[in-house]
Amino acid sequence: MNQLPKQMPADGMSAYAYFLTVERPSIDDLKGMMFLEASGQGLYDGLAALTDKDEARQILARNGREERAHAHRLRRAIKILSGETVEVPAPEENPYHGALGFDALTPDVLEGLIGAEFDGEKLYNVWADGVDNADAAKLLRQNGREEGRHGQRVRKVMSLLRG
Ligand SMILES: [Fe+2]
Ligand SMILES: [Fe+2]
């Protein structure tokens, strides 16, 4: 059974706030992040559904697919660091999968998302420095690079929606 570690915060926003305080991630932290990343695809698909601009939808959906890929890299990092085999959760077994909490792509929503993506880039680099295995660190850094790209893509979405 695929379960979020018990001590993880109950919702995705609190989980992210907690992860930003962690410098040397435990295996449970990496598992929690895997759940949060897996929920990112639903988040981005939900955002994409809020605009009828094709290019913006495609960009958001692409970020979402990559969030799921991030969860898979975390799964591999967990295997490398602990030997444990875990699975990326399906939406129905993921407590972090859920409602967006807003119903329009306002500048505030998009700015918040851009900030979260760039924070994620920094966080993955901190975590890469905080794990003892070079292969696991490489997977974390790759996620981080892509979070930076996500932030840039959401900026592009902002300008598309303005134009
Ligand atoms: Fe991600
Ligand atoms: Fe991202």
# chains A, B, ... in the order shown; residues from 1 in each chain; ligands from 1
>>> residues_near_ligand(ligand="ligand 1", cutoff="12 Å", atoms="only C-alpha atoms and all ligand atoms", output="MDAnalysis selection string")
chainID A and resid 16 33:41 43:44 62:74 113 116:124 139:151
>>> atom_distance(atom1="CA of Ile27 (chain A)", atom2="CA of Leu81 (chain A)")
7.8 Å
>>> residues_around(residues="Val157 (chain A)", least_positions_apart="5", cutoff="9 Å", atoms="only C-alpha atoms", output="mmCIF file with N, CA and C atoms, in the first residue's frame")
data_model
loop_
_atom_site.group_PDB
_atom_site.id
_atom_site.type_symbol
_atom_site.label_atom_id
_atom_site.label_comp_id
_atom_site.auth_asym_id
_atom_site.auth_seq_id
_atom_site.Cartn_x
_atom_site.Cartn_y
_atom_site.Cartn_z
ATOM 1 N N GLU A 55 -2.307 27.858 -26.450
ATOM 2 C CA GLU A 55 -0.873 27.808 -26.144
ATOM 3 C C GLU A 55 -0.653 27.799 -24.634
ATOM 4 N N ALA A 56 -1.439 28.590 -23.920
ATOM 5 C CA ALA A 56 -1.326 28.625 -22.457
ATOM 6 C C ALA A 56 -1.693 27.260 -21.863
ATOM 7 N N ARG A 57 -2.749 26.661 -22.384
ATOM 8 C CA ARG A 57 -3.159 25.327 -21.890
ATOM 9 C C ARG A 57 -2.056 24.314 -22.091
ATOM 10 N N ILE A 59 1.175 24.779 -22.434
ATOM 11 C CA ILE A 59 2.330 25.032 -21.567
ATOM 12 C C ILE A 59 2.048 24.504 -20.164
ATOM 13 N N LEU A 60 0.850 24.791 -19.651
ATOM 14 C CA LEU A 60 0.506 24.359 -18.291
ATOM 15 C C LEU A 60 0.442 22.837 -18.200
ATOM 16 N N LEU A 110 -0.934 33.388 -10.660
ATOM 17 C CA LEU A 110 0.220 33.036 -11.488
ATOM 18 C C LEU A 110 1.527 33.480 -10.835
ATOM 19 N N GLN A 152 9.670 29.908 -15.602
ATOM 20 C CA GLN A 152 9.765 30.724 -16.823
ATOM 21 C C GLN A 152 8.561 30.496 -17.736
ATOM 22 N N ARG A 162 -2.211 38.133 -20.886
ATOM 23 C CA ARG A 162 -2.313 39.599 -20.945
ATOM 24 C C ARG A 162 -2.570 40.055 -22.369
#
>>> closest_residue(among="A:Ala137, A:Ala10, A:Leu50, A:Val154", to="ligand 2", atoms="only C-alpha atoms and all ligand atoms")
A:Val154
>>> closest_residue(among="A:Leu20, A:Leu100, A:Gly115, A:Thr106", to="ligand 2", atoms="only C-alpha atoms and all ligand atoms")
A:Gly115
>>> residues_around(residues="region 91-93 of chain A", least_positions_apart="4", cutoff="9 Å", atoms="only C-alpha atoms", output="VMD selection string")
chain A and resid 2 to 4 38 to 39 42 97 to 98
>>> write_last_selection(atoms="C-alpha atoms", output="mmCIF file, in the first residue's frame")
data_model
loop_
_atom_site.group_PDB
_atom_site.id
_atom_site.type_symbol
_atom_site.label_atom_id
_atom_site.label_comp_id
_atom_site.auth_asym_id
_atom_site.auth_seq_id
_atom_site.Cartn_x
_atom_site.Cartn_y
_atom_site.Cartn_z
ATOM 1 C CA ASN A 2 1.139 3.397 -0.970
ATOM 2 C CA GLN A 3 0.904 5.766 1.948
ATOM 3 C CA LEU A 4 1.989 9.238 2.787
ATOM 4 C CA ALA A 38 2.489 13.603 -8.050
ATOM 5 C CA SER A 39 -0.318 16.004 -7.134
ATOM 6 C CA GLY A 42 -3.666 17.489 -11.335
ATOM 7 C CA HIS A 97 -4.421 15.700 -4.810
ATOM 8 C CA GLY A 98 -7.279 18.122 -4.614
#
>>> residues_around(residues="Asn133 (chain A)", least_positions_apart="5", cutoff="12 Å", atoms="only C-alpha atoms", output="list in words")
Ala77, Ile78, Lys79, Ile80, Leu81, Ser82, Trp127, Ala128, Lys138, Leu139 and Leu140 of chain A
>>> atom_distance(atom1="CA of Val86 (chain A)", atom2="CA of Gly46 (chain A)")
26.2 Å
>>> select_by_dssp(residues="region 61-135 of chain A", states="alpha helix (DSSP H)", output="compact mmCIF listing (two decimals) with N, CA and C atoms, in the first residue's frame")
# COMPACT_ATOMS: atom_id res chain seq x y z
N ALA A 61 -0.12 22.20 -19.23
CA ALA A 61 -0.22 20.74 -19.21
C ALA A 61 1.18 20.10 -19.27
N ARG A 62 2.08 20.76 -19.99
CA ARG A 62 3.44 20.24 -20.08
C ARG A 62 4.15 20.32 -18.72
N ASN A 63 4.00 21.44 -18.04
CA ASN A 63 4.53 21.53 -16.68
C ASN A 63 3.96 20.38 -15.83
N GLY A 64 2.67 20.13 -15.97
CA GLY A 64 2.03 19.09 -15.17
C GLY A 64 2.62 17.71 -15.43
N ARG A 65 2.85 17.40 -16.69
CA ARG A 65 3.46 16.09 -17.00
C ARG A 65 4.83 15.97 -16.37
N GLU A 66 5.57 17.09 -16.37
CA GLU A 66 6.91 17.04 -15.78
C GLU A 66 6.85 16.92 -14.27
N GLU A 67 5.80 17.46 -13.62
CA GLU A 67 5.68 17.27 -12.17
C GLU A 67 5.56 15.78 -11.85
N ARG A 68 4.80 15.09 -12.67
CA ARG A 68 4.68 13.64 -12.43
C ARG A 68 6.05 12.96 -12.64
N ALA A 69 6.78 13.41 -13.65
CA ALA A 69 8.13 12.86 -13.87
C ALA A 69 9.04 13.15 -12.67
N HIS A 70 8.83 14.30 -12.03
CA HIS A 70 9.62 14.61 -10.82
C HIS A 70 9.33 13.58 -9.73
N ALA A 71 8.06 13.22 -9.59
CA ALA A 71 7.71 12.20 -8.59
C ALA A 71 8.45 10.89 -8.90
N HIS A 72 8.57 10.57 -10.18
CA HIS A 72 9.28 9.33 -10.55
C HIS A 72 10.77 9.42 -10.23
N ARG A 73 11.35 10.61 -10.42
CA ARG A 73 12.77 10.76 -10.04
C ARG A 73 12.94 10.62 -8.53
N LEU A 74 11.99 11.13 -7.77
CA LEU A 74 12.07 10.98 -6.31
C LEU A 74 11.96 9.51 -5.93
N ARG A 75 11.09 8.78 -6.60
CA ARG A 75 10.97 7.34 -6.37
C ARG A 75 12.33 6.67 -6.58
N ARG A 76 13.03 7.06 -7.64
CA ARG A 76 14.34 6.46 -7.92
C ARG A 76 15.36 6.88 -6.86
N ALA A 77 15.31 8.14 -6.43
CA ALA A 77 16.24 8.61 -5.40
C ALA A 77 16.01 7.85 -4.09
N ILE A 78 14.75 7.59 -3.76
CA ILE A 78 14.42 6.86 -2.54
C ILE A 78 15.00 5.44 -2.61
N LYS A 79 14.88 4.83 -3.78
CA LYS A 79 15.45 3.48 -3.98
C LYS A 79 16.97 3.50 -3.80
N ILE A 80 17.62 4.47 -4.39
CA ILE A 80 19.08 4.57 -4.30
C ILE A 80 19.52 4.78 -2.85
N LEU A 81 18.81 5.66 -2.13
CA LEU A 81 19.26 6.06 -0.79
C LEU A 81 18.87 5.05 0.29
N SER A 82 17.77 4.33 0.08
CA SER A 82 17.28 3.48 1.17
C SER A 82 17.10 2.03 0.75
N PRO A 107 -3.45 37.34 -12.10
CA PRO A 107 -2.01 37.61 -11.94
C PRO A 107 -1.50 37.13 -10.57
N ASP A 108 -2.29 37.29 -9.52
CA ASP A 108 -1.85 36.85 -8.18
C ASP A 108 -1.61 35.35 -8.13
N VAL A 109 -2.54 34.60 -8.72
CA VAL A 109 -2.40 33.13 -8.74
C VAL A 109 -1.14 32.76 -9.50
N LEU A 110 -0.93 33.39 -10.66
CA LEU A 110 0.22 33.04 -11.49
C LEU A 110 1.53 33.48 -10.83
N GLU A 111 1.53 34.66 -10.21
CA GLU A 111 2.75 35.10 -9.50
C GLU A 111 3.09 34.15 -8.37
N GLY A 112 2.05 33.69 -7.66
CA GLY A 112 2.29 32.74 -6.57
C GLY A 112 2.92 31.46 -7.08
N LEU A 113 2.42 31.02 -8.21
CA LEU A 113 2.93 29.79 -8.81
C LEU A 113 4.37 29.96 -9.28
N ILE A 114 4.65 31.10 -9.91
CA ILE A 114 6.01 31.37 -10.37
C ILE A 114 6.97 31.36 -9.19
N GLY A 115 6.57 32.02 -8.10
CA GLY A 115 7.40 32.04 -6.90
C GLY A 115 7.64 30.64 -6.35
N ALA A 116 6.59 29.83 -6.33
CA ALA A 116 6.71 28.47 -5.80
C ALA A 116 7.66 27.64 -6.67
N GLU A 117 7.60 27.84 -7.98
CA GLU A 117 8.49 27.08 -8.87
C GLU A 117 9.95 27.49 -8.64
N PHE A 118 10.22 28.79 -8.55
CA PHE A 118 11.61 29.20 -8.34
C PHE A 118 12.11 28.80 -6.95
N ASP A 119 11.22 28.84 -5.95
CA ASP A 119 11.60 28.31 -4.62
C ASP A 119 11.93 26.83 -4.72
N GLY A 120 11.16 26.12 -5.55
CA GLY A 120 11.39 24.68 -5.72
C GLY A 120 12.75 24.40 -6.34
N GLU A 121 13.14 25.25 -7.28
CA GLU A 121 14.47 25.09 -7.89
C GLU A 121 15.56 25.19 -6.82
N LYS A 122 15.44 26.21 -5.98
CA LYS A 122 16.45 26.40 -4.92
C LYS A 122 16.41 25.24 -3.94
N LEU A 123 15.20 24.84 -3.57
CA LEU A 123 15.05 23.77 -2.58
C LEU A 123 15.70 22.48 -3.06
N TYR A 124 15.48 22.12 -4.32
CA TYR A 124 16.07 20.88 -4.82
C TYR A 124 17.60 20.94 -4.80
N ASN A 125 18.16 22.12 -5.03
CA ASN A 125 19.62 22.23 -4.96
C ASN A 125 20.11 22.05 -3.52
N VAL A 126 19.36 22.61 -2.56
CA VAL A 126 19.71 22.41 -1.15
C VAL A 126 19.63 20.92 -0.81
N TRP A 127 18.56 20.27 -1.24
CA TRP A 127 18.39 18.84 -0.95
C TRP A 127 19.47 18.01 -1.63
N ALA A 128 19.85 18.40 -2.85
CA ALA A 128 20.91 17.66 -3.55
C ALA A 128 22.20 17.73 -2.74
N ASP A 129 22.49 18.92 -2.16
CA ASP A 129 23.68 19.05 -1.31
C ASP A 129 23.52 18.27 -0.01
N GLY A 130 22.28 17.98 0.38
CA GLY A 130 22.02 17.37 1.68
C GLY A 130 21.90 15.85 1.65
N ALA A 134 25.77 10.61 -4.93
CA ALA A 134 25.89 11.48 -6.10
C ALA A 134 24.77 11.24 -7.12
N ASP A 135 24.35 9.98 -7.27
CA ASP A 135 23.29 9.70 -8.26
C ASP A 135 21.95 10.27 -7.80
>>> closest_residue(among="A:Arg153, A:Phe102, A:Pro89, A:Ala136", to="ligand 2", atoms="only C-alpha atoms and all ligand atoms")
A:Arg153
